[in-house]
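One file, model_24.cif, is given below (mmCIF, C-alpha atoms).
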```cif
data_query
loop_
_atom_site.label_atom_id
_atom_site.label_comp_id
_atom_site.auth_asym_id
_atom_site.auth_seq_id
_atom_site.Cartn_x
_atom_site.Cartn_y
_atom_site.Cartn_z
CA MET G 1 38.50 -2.81 -3.62
CA LEU G 2 37.37 -5.51 -6.03
CA LYS G 3 34.94 -6.97 -3.50
CA SER G 4 32.98 -3.73 -3.35
CA LYS G 5 31.49 -4.33 -6.81
CA PHE G 6 27.95 -5.74 -6.93
CA PHE G 7 25.56 -7.02 -9.57
CA VAL G 8 21.78 -6.50 -9.73
CA SER G 9 19.48 -7.87 -12.40
CA ASP G 10 15.83 -7.84 -13.26
CA CYS G 11 14.49 -11.36 -13.70
CA GLU G 12 12.00 -11.61 -16.56
CA GLY G 13 13.90 -10.72 -19.72
CA PRO G 14 17.55 -10.72 -18.63
CA ILE G 15 17.28 -14.09 -16.81
CA SER G 16 14.06 -15.78 -17.87
CA VAL G 17 11.83 -15.79 -20.93
CA ASN G 18 8.65 -15.62 -18.86
CA ASP G 19 6.24 -12.89 -17.99
CA ASN G 20 4.73 -14.77 -15.09
CA ALA G 21 1.86 -12.34 -14.42
CA PHE G 22 0.85 -12.43 -18.10
CA GLU G 23 1.00 -16.23 -18.06
CA LEU G 24 -1.04 -16.44 -14.83
CA ALA G 25 -3.69 -14.16 -16.36
CA ALA G 26 -3.78 -16.30 -19.52
CA HIS G 27 -4.05 -19.49 -17.45
CA PHE G 28 -6.74 -18.44 -14.95
CA ILE G 29 -8.78 -15.68 -16.61
CA ASP G 30 -11.04 -16.14 -19.64
CA ASP G 31 -9.40 -14.24 -22.52
CA GLY G 32 -6.69 -13.39 -20.00
CA GLU G 33 -3.98 -12.67 -22.56
CA ARG G 34 -5.97 -9.84 -24.12
CA PHE G 35 -7.08 -8.58 -20.71
CA PHE G 36 -3.50 -8.43 -19.44
CA GLN G 37 -2.22 -6.69 -22.58
CA ILE G 38 -4.84 -3.94 -22.16
CA VAL G 39 -4.08 -3.44 -18.47
CA SER G 40 -0.34 -3.46 -19.16
CA ARG G 41 -0.74 -0.75 -21.80
CA TYR G 42 -2.88 1.24 -19.34
CA ASP G 43 -0.03 0.86 -16.82
CA ASP G 44 2.44 2.26 -19.38
CA ILE G 45 0.20 5.28 -19.98
CA LEU G 46 -0.18 6.00 -16.26
CA VAL G 47 3.60 5.89 -15.79
CA ASP G 48 4.98 7.38 -18.99
CA GLU G 49 2.29 9.85 -20.06
CA VAL G 50 -0.01 10.68 -17.13
CA LYS G 51 2.83 10.29 -14.58
CA ARG G 52 0.32 9.64 -11.81
CA PRO G 53 1.79 10.35 -8.35
CA GLY G 54 2.21 7.20 -6.26
CA TYR G 55 1.74 4.89 -9.24
CA ASN G 56 4.78 2.82 -10.27
CA ALA G 57 5.64 0.90 -13.41
CA GLY G 58 4.59 -2.69 -12.85
CA ASP G 59 1.56 -1.88 -10.70
CA THR G 60 -0.30 -3.97 -13.29
CA LEU G 61 0.51 -6.81 -10.89
CA LYS G 62 -1.79 -5.42 -8.23
CA LEU G 63 -4.50 -4.31 -10.67
CA ILE G 64 -5.01 -7.87 -11.95
CA LEU G 65 -5.08 -9.59 -8.53
CA PRO G 66 -8.83 -9.14 -7.85
CA PHE G 67 -9.54 -10.69 -11.25
CA LEU G 68 -7.21 -13.62 -10.60
CA LYS G 69 -9.01 -14.17 -7.30
CA ALA G 70 -12.42 -14.04 -9.03
CA TYR G 71 -11.33 -16.74 -11.44
CA GLY G 72 -10.13 -19.09 -8.72
CA ALA G 73 -6.42 -18.31 -8.27
CA THR G 74 -5.06 -19.31 -4.86
CA ASN G 75 -1.63 -19.28 -3.26
CA GLN G 76 -1.29 -23.00 -3.95
CA ASN G 77 -2.35 -23.14 -7.58
CA MET G 78 -0.34 -20.00 -8.42
CA GLU G 79 2.73 -21.60 -6.85
CA GLU G 80 2.12 -24.86 -8.71
CA PHE G 81 1.66 -23.09 -12.03
CA SER G 82 4.75 -20.92 -11.53
CA SER G 83 6.93 -23.87 -10.49
CA GLY G 84 6.01 -25.79 -13.62
CA ASN G 85 6.54 -22.93 -16.05
CA VAL G 86 9.96 -21.37 -15.46
CA LEU G 87 11.76 -20.92 -18.79
CA LEU G 88 15.30 -19.55 -18.65
CA ILE G 89 17.26 -17.51 -21.17
CA PRO G 90 20.06 -19.86 -22.32
CA GLY G 91 23.12 -19.46 -20.12
CA ALA G 92 21.24 -17.80 -17.24
CA ARG G 93 21.88 -20.53 -14.68
CA GLU G 94 25.63 -20.48 -15.40
CA THR G 95 25.79 -16.68 -15.50
CA LEU G 96 24.16 -16.23 -12.10
CA LYS G 97 26.32 -18.92 -10.52
CA HIS G 98 29.48 -17.39 -12.02
CA LEU G 99 28.57 -13.87 -10.92
CA ASN G 100 27.34 -14.84 -7.45
CA ASP G 101 30.62 -16.70 -6.84
CA MET G 102 32.51 -13.60 -7.99
CA MET G 103 30.68 -10.75 -6.27
CA PRO G 104 27.48 -10.04 -4.32
CA SER G 105 24.61 -10.58 -6.77
CA PHE G 106 20.93 -9.82 -6.46
CA ILE G 107 17.67 -10.22 -8.35
CA VAL G 108 15.24 -7.30 -8.15
CA SER G 109 12.00 -8.27 -9.86
CA THR G 110 8.42 -7.06 -10.15
CA SER G 111 7.37 -10.71 -10.37
CA TYR G 112 5.24 -12.36 -7.71
CA GLU G 113 7.12 -14.17 -4.94
CA PRO G 114 5.97 -17.72 -5.89
CA TYR G 115 7.59 -17.35 -9.32
CA ILE G 116 10.86 -15.97 -7.95
CA ARG G 117 11.01 -18.79 -5.38
CA ALA G 118 10.45 -21.32 -8.17
CA LEU G 119 13.19 -19.75 -10.28
CA CYS G 120 15.62 -19.68 -7.35
CA ASP G 121 14.93 -23.35 -6.65
CA LEU G 122 15.58 -24.21 -10.29
CA ILE G 123 18.89 -22.33 -10.63
CA GLU G 124 19.99 -22.73 -6.99
CA PHE G 125 20.18 -18.99 -6.38
CA PRO G 126 19.68 -17.72 -2.81
CA PHE G 127 16.15 -16.38 -2.39
CA ASP G 128 17.32 -14.07 0.39
CA GLN G 129 19.24 -12.15 -2.31
CA CYS G 130 15.99 -11.34 -4.13
CA TYR G 131 13.44 -8.56 -4.00
CA CYS G 132 10.00 -9.28 -5.47
CA THR G 133 6.27 -8.64 -5.08
CA GLN G 134 4.78 -10.25 -1.98
CA ILE G 135 1.23 -11.59 -2.26
CA ASP G 136 -1.18 -13.65 -0.13
CA MET G 137 -4.38 -14.49 -1.98
CA GLU G 138 -5.95 -16.13 1.08
CA SER G 139 -5.70 -13.01 3.24
CA HIS G 140 -8.34 -11.26 1.12
CA SER G 141 -11.91 -12.53 0.89
CA LEU G 142 -14.17 -12.22 -2.14
CA ASN G 143 -17.93 -12.74 -2.02
CA GLU G 144 -19.92 -14.28 -4.87
CA GLU G 145 -21.53 -11.00 -5.91
CA ASP G 146 -18.19 -9.20 -6.25
CA ALA G 147 -16.65 -12.19 -8.05
CA ARG G 148 -19.49 -12.10 -10.57
CA ARG G 149 -19.11 -8.33 -10.97
CA LEU G 150 -15.35 -8.64 -11.51
CA LYS G 151 -15.98 -11.08 -14.34
CA GLU G 152 -18.33 -8.54 -15.88
CA LEU G 153 -15.69 -5.82 -15.45
CA LYS G 154 -13.12 -8.05 -17.14
CA SER G 155 -15.39 -8.23 -20.17
CA SER G 156 -15.87 -4.47 -20.01
CA VAL G 157 -12.08 -3.98 -20.09
CA ILE G 158 -11.81 -6.13 -23.21
CA PHE G 159 -14.77 -4.68 -25.11
CA ASN G 160 -14.18 -1.07 -24.06
CA PRO G 161 -10.46 -0.58 -23.34
CA SER G 162 -10.75 3.20 -23.29
CA PHE G 163 -8.72 5.12 -20.74
CA ASP G 164 -11.87 6.56 -19.11
CA ASN G 165 -13.46 3.14 -18.72
CA LEU G 166 -10.33 1.68 -17.10
CA GLU G 167 -10.08 4.69 -14.80
CA ARG G 168 -13.66 4.08 -13.65
CA ILE G 169 -13.14 0.34 -13.14
CA PHE G 170 -9.83 0.45 -11.28
CA TRP G 171 -10.23 3.61 -9.22
CA GLU G 172 -14.00 3.86 -8.64
CA GLU G 173 -15.63 0.42 -8.80
CA ILE G 174 -13.05 -2.02 -7.44
CA PRO G 175 -11.93 0.13 -4.46
CA LYS G 176 -15.54 -0.05 -3.18
CA MET G 177 -15.28 -3.84 -2.97
CA GLU G 178 -13.69 -5.62 -0.01
CA ILE G 179 -11.13 -7.15 -2.38
CA GLY G 180 -10.16 -3.60 -3.38
CA SER G 181 -7.97 -3.45 -0.26
CA LEU G 182 -5.42 -5.38 -2.33
CA PHE G 183 -4.62 -2.15 -4.15
CA ASN G 184 -3.37 -0.58 -0.92
CA GLU G 185 -1.76 -3.66 0.61
CA VAL G 186 0.19 -5.11 -2.33
CA HIS G 187 3.30 -3.19 -3.36
CA PRO G 188 4.79 -4.38 -6.66
CA VAL G 189 8.56 -4.00 -6.91
CA GLY G 190 8.67 -1.97 -10.10
CA GLY G 191 9.91 1.42 -11.24
CA GLU G 192 10.75 3.60 -8.24
CA ALA G 193 10.33 0.56 -5.96
CA LYS G 194 13.13 -1.20 -7.88
CA LYS G 195 15.36 1.80 -7.32
CA GLU G 196 14.45 1.69 -3.63
CA ALA G 197 15.43 -2.00 -3.57
CA VAL G 198 18.83 -1.09 -5.06
CA LEU G 199 19.24 1.63 -2.44
CA ASP G 200 18.35 -0.91 0.26
CA ILE G 201 21.06 -3.26 -1.06
CA ILE G 202 23.56 -0.40 -1.00
CA HIS G 203 22.58 0.63 2.54
CA LYS G 204 22.57 -2.86 4.05
CA ASN G 205 25.92 -3.82 2.53
CA ASN G 206 27.70 -0.46 2.70
CA PHE G 207 28.21 -0.48 -1.08
CA GLN G 208 29.00 2.53 -3.26
CA SER G 209 26.61 3.41 -6.08
CA HIS G 210 29.39 3.65 -8.71
CA ASN G 211 30.16 -0.02 -8.05
CA LEU G 212 26.73 -1.11 -9.30
CA MET G 213 26.08 -3.06 -12.49
CA TYR G 214 22.34 -3.18 -13.25
CA VAL G 215 20.70 -5.20 -16.03
CA GLY G 216 17.10 -4.57 -17.08
CA ASP G 217 14.82 -4.70 -20.09
CA SER G 218 11.55 -2.82 -19.57
CA ILE G 219 9.64 0.16 -18.19
CA THR G 220 9.91 -1.28 -14.66
CA ASP G 221 13.72 -0.88 -14.90
CA VAL G 222 13.81 2.79 -15.92
CA GLU G 223 14.60 4.18 -12.46
CA PRO G 224 17.36 1.71 -11.47
CA LEU G 225 18.96 1.92 -14.93
CA ARG G 226 18.96 5.71 -14.69
CA PHE G 227 20.38 5.51 -11.17
CA ALA G 228 23.24 3.23 -12.26
CA ARG G 229 24.06 5.38 -15.29
CA LYS G 230 23.96 8.71 -13.47
CA ASN G 231 26.15 7.37 -10.66
CA ASN G 232 28.83 6.10 -13.06
CA GLY G 233 27.94 2.45 -12.64
CA VAL G 234 27.10 0.13 -15.54
CA ALA G 235 23.52 0.30 -16.88
CA VAL G 236 22.69 -2.50 -19.32
CA SER G 237 19.63 -3.09 -21.48
CA PHE G 238 19.34 -6.82 -22.27
CA ASN G 239 16.97 -7.32 -25.22
CA GLY G 240 15.30 -4.21 -23.88
CA ASN G 241 12.33 -2.25 -25.13
CA GLU G 242 12.31 1.49 -25.82
CA TYR G 243 11.90 2.40 -22.15
CA ALA G 244 14.99 0.48 -21.02
CA LEU G 245 17.10 1.61 -23.96
CA LYS G 246 16.45 5.29 -23.23
CA GLU G 247 18.02 4.93 -19.77
CA ALA G 248 20.78 2.35 -20.26
CA SER G 249 24.37 2.99 -21.38
CA ILE G 250 24.92 -0.36 -23.06
CA ALA G 251 22.57 -2.31 -25.31
CA ILE G 252 22.83 -6.09 -25.54
CA ILE G 253 20.84 -8.03 -28.13
CA SER G 254 21.49 -11.72 -27.58
CA ASP G 255 20.03 -15.22 -27.33
CA ASN G 256 22.33 -16.05 -24.41
CA THR G 257 23.38 -14.41 -21.13
CA LEU G 258 27.06 -15.18 -21.73
CA ILE G 259 27.83 -11.59 -22.74
CA THR G 260 26.42 -10.47 -19.37
CA SER G 261 28.99 -12.74 -17.70
CA ILE G 262 31.78 -11.25 -19.80
CA ILE G 263 31.09 -7.60 -19.06
CA ALA G 264 30.32 -8.30 -15.39
CA ASP G 265 33.68 -10.09 -15.14
CA LEU G 266 35.43 -7.07 -16.68
CA PHE G 267 33.54 -4.73 -14.37
CA TYR G 268 34.54 -6.76 -11.33
CA ARG G 269 38.23 -6.80 -12.26
CA TYR G 270 38.41 -3.26 -13.62
CA ASN G 271 35.72 -0.54 -13.63
CA SER G 272 32.82 0.94 -15.56
CA LYS G 273 35.15 2.93 -17.82
CA VAL G 274 36.77 -0.26 -19.12
CA VAL G 275 33.36 -1.88 -19.61
CA LEU G 276 32.08 1.07 -21.63
CA GLU G 277 35.24 1.10 -23.75
CA PHE G 278 34.90 -2.65 -24.35
CA ALA G 279 31.24 -2.28 -25.31
CA THR G 280 32.15 0.46 -27.79
CA SER G 281 34.94 -1.66 -29.30
CA PHE G 282 32.70 -4.74 -29.42
CA GLY G 283 30.06 -2.78 -31.29
CA GLU G 284 32.61 -1.87 -33.95
CA ASN G 285 34.48 -5.19 -34.19
CA PRO G 286 33.57 -8.04 -31.80
CA GLU G 287 36.52 -10.30 -32.64
CA LYS G 288 39.03 -7.49 -32.22
CA ALA G 289 37.48 -6.40 -28.91
CA LEU G 290 37.63 -9.92 -27.49
CA LYS G 291 41.33 -10.13 -28.37
CA GLU G 292 42.36 -6.66 -27.23
CA TYR G 293 40.60 -6.64 -23.86
CA ASP G 294 41.35 -8.90 -20.90
CA VAL G 295 38.28 -11.07 -21.45
CA ASN G 296 37.95 -14.41 -19.67
CA PRO G 297 39.16 -16.83 -22.42
CA GLU G 298 36.71 -19.59 -21.53
CA LEU G 299 33.79 -17.18 -21.83
CA SER G 300 35.18 -15.68 -25.02
CA ILE G 301 35.31 -19.04 -26.78
CA LYS G 302 31.75 -19.91 -25.77
CA LEU G 303 30.48 -16.55 -27.03
CA GLU G 304 31.19 -17.66 -30.59
CA GLU G 305 28.30 -20.15 -30.27
CA THR G 306 25.78 -17.39 -29.53
CA TYR G 307 24.11 -14.60 -31.47
CA THR G 308 25.30 -11.46 -29.70
CA ARG G 309 25.30 -7.78 -30.52
CA MET G 310 26.46 -5.15 -28.07
CA GLY G 311 27.35 -1.51 -28.16
CA LEU G 312 27.13 1.85 -26.49
CA ILE G 313 23.75 3.60 -26.78
CA THR G 314 23.95 7.02 -28.41
CA SER G 315 21.43 9.54 -29.68
CA GLU G 316 22.50 8.57 -33.20
CA ASN G 317 21.82 4.84 -32.88
CA LEU G 318 18.93 4.84 -30.37
CA LYS G 319 16.19 4.67 -33.01
CA GLU G 320 17.82 1.72 -34.78
CA LEU G 321 18.48 -0.06 -31.47
CA LYS G 322 14.85 0.34 -30.43
CA LYS G 323 13.75 -1.32 -33.66
CA ASP G 324 16.32 -4.14 -33.59
CA SER G 325 16.11 -4.87 -29.89
CA SER G 326 12.31 -4.88 -29.91
CA LYS G 327 12.25 -7.26 -32.87
CA PHE G 328 14.75 -9.64 -31.29
CA ARG G 329 13.00 -9.40 -27.92
CA LYS G 330 9.85 -10.78 -29.56
CA GLN G 331 11.83 -13.58 -31.20
CA VAL G 332 13.27 -14.66 -27.84
CA ARG G 333 10.17 -14.18 -25.66
CA GLY G 334 7.33 -14.49 -28.16
CA GLU G 335 5.19 -11.79 -29.79
CA ALA G 336 2.76 -11.41 -26.89
CA ILE G 337 5.26 -11.13 -24.03
CA GLY G 338 7.89 -9.35 -26.12
CA GLY G 339 5.40 -6.63 -26.98
CA LEU G 340 4.58 -5.75 -23.36
CA GLY G 341 6.01 -2.58 -21.80
#
```

Whole structure, structure tokens version:
Amino acid sequence: MLKSKFFVSDCEGPISVNDNAFELAAHFIDDGERFFQIVSRYDDILVDEVKRPGYNAGDTLKLILPFLKAYGATNQNMEEFSSGNVLLIPGARETLKHLNDMMPSFIVSTSYEPYIRALCDLIEFPFDQCYCTQIDMESHSLNEEDARRLKELKSSVIFNPSFDNLERIFWEEIPKMEIGSLFNEVHPVGGEAKKEAVLDIIHKNNFQSHNLMYVGDSITDVEPLRFARKNNGVAVSFNGNEYALKEASIAIISDNTLITSIIADLFYRYNSKVVLEFATSFGENPEKALKEYDVNPELSIKLEETYTRMGLITSENLKELKKDSSKFRKQVRGEAIGGLG
């Protein structure tokens, strides 16, 4: 049945330009951009190289919370900052409306809840169709001594970003503080947790896994992309980095989400096989593919106004795609955010 198809997307990257946690760190924490970049790289190492049990991609978002608290972040000022700083990928509002009208659509994001609520308010997308990282800054107290020590530890991270130093700070020092309980109580929706969110969507709605289209762009999307691909759904990297590209079937490099609308529309009316064939044809000759496949004509015409590349990911083109997608990702989202894992 057509109605059994469903669409799931990450938020930051495929829908918005932001990296809200990075921006919060930059806003509240002294030298927060550099601090976040170091912790994010540490997160990548723990996931991709160390493969630490129980640690998920995106757990950066719980590691930085004590530092945000030390520098004065509260529920209110985080919500206010997030609400005033949502920046969408062109076409995202129209794409999500089009897809949500067509088939059940969901956002599964590692982002903090205040940001996802702000984005949903802006694009009029139902928040109850979102999964994100729940936080409550006021439920955790922080005394002056620990706040002062956390500021010292932030400086230590920046001046000595060695793996051993970060291990000591995050897993020996901070857990001894009262605020360290955040590490056990906050559960970022990244990596395996994103896959679990997809499984929850499937279970609650009685969906079939092969009817899933998933769009992601980073290390936090590895597990759901792999799940979609291995279950014969559609796994799409949208301006993705090397981690996303290794697990996706289709690579999109674009300044607009319109191509997401086009392939989701084809997926809804046909199946993953048709989408993969279209992506292959588009990669060889976009104009010919748009004419030969049953593409929504209104969407096809608008696509001409965008910069869009798309194709099937193969072992032969993966290296080139990593280079091109990474470069374009930085153009769209900026060097700092685009370079994060």

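Proximity of G:Gln37, G:Asp10, G:Ser156, G:Pro126 to G:Glu335, computed with all atoms listed in the file, is greatest for G:Gln37.
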
Would you kindly translate the PyMOL selection byres ((chain G and resi 194) around 12) into the concrete residues it picks from this file, as a PDB file with C-alpha atoms, in the coordinates of the input?
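Wrote expr22.pdb, looks like this:
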```
ATOM      1  CA  VAL G   8      21.780  -6.500  -9.730  1.00  0.00           C
ATOM      2  CA  SER G   9      19.480  -7.870 -12.400  1.00  0.00           C
ATOM      3  CA  ASP G  10      15.830  -7.840 -13.260  1.00  0.00           C
ATOM      4  CA  CYS G  11      14.490 -11.360 -13.700  1.00  0.00           C
ATOM      5  CA  ASN G  56       4.780   2.820 -10.270  1.00  0.00           C
ATOM      6  CA  ALA G  57       5.640   0.900 -13.410  1.00  0.00           C
ATOM      7  CA  GLY G  58       4.590  -2.690 -12.850  1.00  0.00           C
ATOM      8  CA  ASP G  59       1.560  -1.880 -10.700  1.00  0.00           C
ATOM      9  CA  PHE G 106      20.930  -9.820  -6.460  1.00  0.00           C
ATOM     10  CA  ILE G 107      17.670 -10.220  -8.350  1.00  0.00           C
ATOM     11  CA  VAL G 108      15.240  -7.300  -8.150  1.00  0.00           C
ATOM     12  CA  SER G 109      12.000  -8.270  -9.860  1.00  0.00           C
ATOM     13  CA  THR G 110       8.420  -7.060 -10.150  1.00  0.00           C
ATOM     14  CA  SER G 111       7.370 -10.710 -10.370  1.00  0.00           C
ATOM     15  CA  CYS G 130      15.990 -11.340  -4.130  1.00  0.00           C
ATOM     16  CA  TYR G 131      13.440  -8.560  -4.000  1.00  0.00           C
ATOM     17  CA  CYS G 132      10.000  -9.280  -5.470  1.00  0.00           C
ATOM     18  CA  THR G 133       6.270  -8.640  -5.080  1.00  0.00           C
ATOM     19  CA  HIS G 187       3.300  -3.190  -3.360  1.00  0.00           C
ATOM     20  CA  PRO G 188       4.790  -4.380  -6.660  1.00  0.00           C
ATOM     21  CA  VAL G 189       8.560  -4.000  -6.910  1.00  0.00           C
ATOM     22  CA  GLY G 190       8.670  -1.970 -10.100  1.00  0.00           C
ATOM     23  CA  GLY G 191       9.910   1.420 -11.240  1.00  0.00           C
ATOM     24  CA  GLU G 192      10.750   3.600  -8.240  1.00  0.00           C
ATOM     25  CA  ALA G 193      10.330   0.560  -5.960  1.00  0.00           C
ATOM     26  CA  LYS G 195      15.360   1.800  -7.320  1.00  0.00           C
ATOM     27  CA  GLU G 196      14.450   1.690  -3.630  1.00  0.00           C
ATOM     28  CA  ALA G 197      15.430  -2.000  -3.570  1.00  0.00           C
ATOM     29  CA  VAL G 198      18.830  -1.090  -5.060  1.00  0.00           C
ATOM     30  CA  LEU G 199      19.240   1.630  -2.440  1.00  0.00           C
ATOM     31  CA  ASP G 200      18.350  -0.910   0.260  1.00  0.00           C
ATOM     32  CA  ILE G 201      21.060  -3.260  -1.060  1.00  0.00           C
ATOM     33  CA  TYR G 214      22.340  -3.180 -13.250  1.00  0.00           C
ATOM     34  CA  VAL G 215      20.700  -5.200 -16.030  1.00  0.00           C
ATOM     35  CA  GLY G 216      17.100  -4.570 -17.080  1.00  0.00           C
ATOM     36  CA  SER G 218      11.550  -2.820 -19.570  1.00  0.00           C
ATOM     37  CA  ILE G 219       9.640   0.160 -18.190  1.00  0.00           C
ATOM     38  CA  THR G 220       9.910  -1.280 -14.660  1.00  0.00           C
ATOM     39  CA  ASP G 221      13.720  -0.880 -14.900  1.00  0.00           C
ATOM     40  CA  VAL G 222      13.810   2.790 -15.920  1.00  0.00           C
ATOM     41  CA  GLU G 223      14.600   4.180 -12.460  1.00  0.00           C
ATOM     42  CA  PRO G 224      17.360   1.710 -11.470  1.00  0.00           C
ATOM     43  CA  LEU G 225      18.960   1.920 -14.930  1.00  0.00           C
ATOM     44  CA  ARG G 226      18.960   5.710 -14.690  1.00  0.00           C
ATOM     45  CA  PHE G 227      20.380   5.510 -11.170  1.00  0.00           C
ATOM     46  CA  ALA G 228      23.240   3.230 -12.260  1.00  0.00           C
TER      47      ALA G 228
END
```

Name the residues captured by the PyMOL selection byres ((chain G and resi 268-270) around 10) when it is applied to the shown file; answer as a PDB file with C-alpha atoms, keeping the file's coordinate frame.
```pdb
ATOM      1  CA  MET G   1      38.500  -2.810  -3.620  1.00  0.00           C
ATOM      2  CA  LEU G   2      37.370  -5.510  -6.030  1.00  0.00           C
ATOM      3  CA  LYS G   3      34.940  -6.970  -3.500  1.00  0.00           C
ATOM      4  CA  SER G   4      32.980  -3.730  -3.350  1.00  0.00           C
ATOM      5  CA  LYS G   5      31.490  -4.330  -6.810  1.00  0.00           C
ATOM      6  CA  PHE G   6      27.950  -5.740  -6.930  1.00  0.00           C
ATOM      7  CA  PHE G   7      25.560  -7.020  -9.570  1.00  0.00           C
ATOM      8  CA  LEU G  99      28.570 -13.870 -10.920  1.00  0.00           C
ATOM      9  CA  MET G 102      32.510 -13.600  -7.990  1.00  0.00           C
ATOM     10  CA  MET G 103      30.680 -10.750  -6.270  1.00  0.00           C
ATOM     11  CA  ASN G 211      30.160  -0.020  -8.050  1.00  0.00           C
ATOM     12  CA  LEU G 212      26.730  -1.110  -9.300  1.00  0.00           C
ATOM     13  CA  MET G 213      26.080  -3.060 -12.490  1.00  0.00           C
ATOM     14  CA  ILE G 262      31.780 -11.250 -19.800  1.00  0.00           C
ATOM     15  CA  ILE G 263      31.090  -7.600 -19.060  1.00  0.00           C
ATOM     16  CA  ALA G 264      30.320  -8.300 -15.390  1.00  0.00           C
ATOM     17  CA  ASP G 265      33.680 -10.090 -15.140  1.00  0.00           C
ATOM     18  CA  LEU G 266      35.430  -7.070 -16.680  1.00  0.00           C
ATOM     19  CA  PHE G 267      33.540  -4.730 -14.370  1.00  0.00           C
ATOM     20  CA  ASN G 271      35.720  -0.540 -13.630  1.00  0.00           C
ATOM     21  CA  SER G 272      32.820   0.940 -15.560  1.00  0.00           C
ATOM     22  CA  LYS G 273      35.150   2.930 -17.820  1.00  0.00           C
ATOM     23  CA  VAL G 274      36.770  -0.260 -19.120  1.00  0.00           C
ATOM     24  CA  VAL G 275      33.360  -1.880 -19.610  1.00  0.00           C
ATOM     25  CA  ASP G 294      41.350  -8.900 -20.900  1.00  0.00           C
TER      26      ASP G 294
END
```

10 Å contact set for stretch 181-185 of chain G, only C-alpha atoms, chain neighbours under 4 positions out, as a count of residues only: 20

Nearby residues, (8.8, -9.5, -22.0) file frame, 10 Å, only C-alpha atoms, as a ChimeraX atom specification: /G:12-14,16-20,22,217-218,239-241,326,329-330,332-341

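Remark: for G:Phe328, the closest of the candidate residues G:Ser249, G:Asn100, G:Ser162, G:Thr308 is G:Thr308 (distances computed over only C-alpha atoms).
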
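Distances from G:Gly84, G:Gly283, G:Gly54, G:Pro104 to G:Glu23 were compared using all atoms listed in the file, and the smallest one belongs to G:Gly84.
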
Counting all atoms listed in the file, the option among G:Ile116, G:Phe35, G:Asn77, G:Glu247 closest to G:Leu153: G:Phe35

Result set of the PyMOL selection byres ((chain G and resi 78) around 12) on the coordinates above, as number ranges by chain: G: 20-21, 23-25, 27-28, 65, 68-69, 71-77, 79-85, 112-118, 135-138

Saved stretch 158-172 of chain G from the preceding structure, C-alpha atoms, as a PDB file, in the first residue's frame:
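Output saved as decode25.pdb:
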```pdb
ATOM      1  CA  ILE G 158      41.667  23.829  24.939  1.00  0.00           C
ATOM      2  CA  PHE G 159      45.331  23.974  25.949  1.00  0.00           C
ATOM      3  CA  ASN G 160      45.801  20.208  26.274  1.00  0.00           C
ATOM      4  CA  PRO G 161      43.325  18.451  23.953  1.00  0.00           C
ATOM      5  CA  SER G 162      45.072  15.100  24.288  1.00  0.00           C
ATOM      6  CA  PHE G 163      42.939  11.981  24.475  1.00  0.00           C
ATOM      7  CA  ASP G 164      44.282  11.101  27.948  1.00  0.00           C
ATOM      8  CA  ASN G 165      43.490  14.545  29.331  1.00  0.00           C
ATOM      9  CA  LEU G 166      39.923  14.448  28.006  1.00  0.00           C
ATOM     10  CA  GLU G 167      39.475  10.941  29.398  1.00  0.00           C
ATOM     11  CA  ARG G 168      40.529  12.192  32.830  1.00  0.00           C
ATOM     12  CA  ILE G 169      38.279  15.268  32.693  1.00  0.00           C
ATOM     13  CA  PHE G 170      35.104  13.617  31.428  1.00  0.00           C
ATOM     14  CA  TRP G 171      35.265  10.249  33.154  1.00  0.00           C
ATOM     15  CA  GLU G 172      37.188  10.948  36.375  1.00  0.00           C
TER      16      GLU G 172
END
```
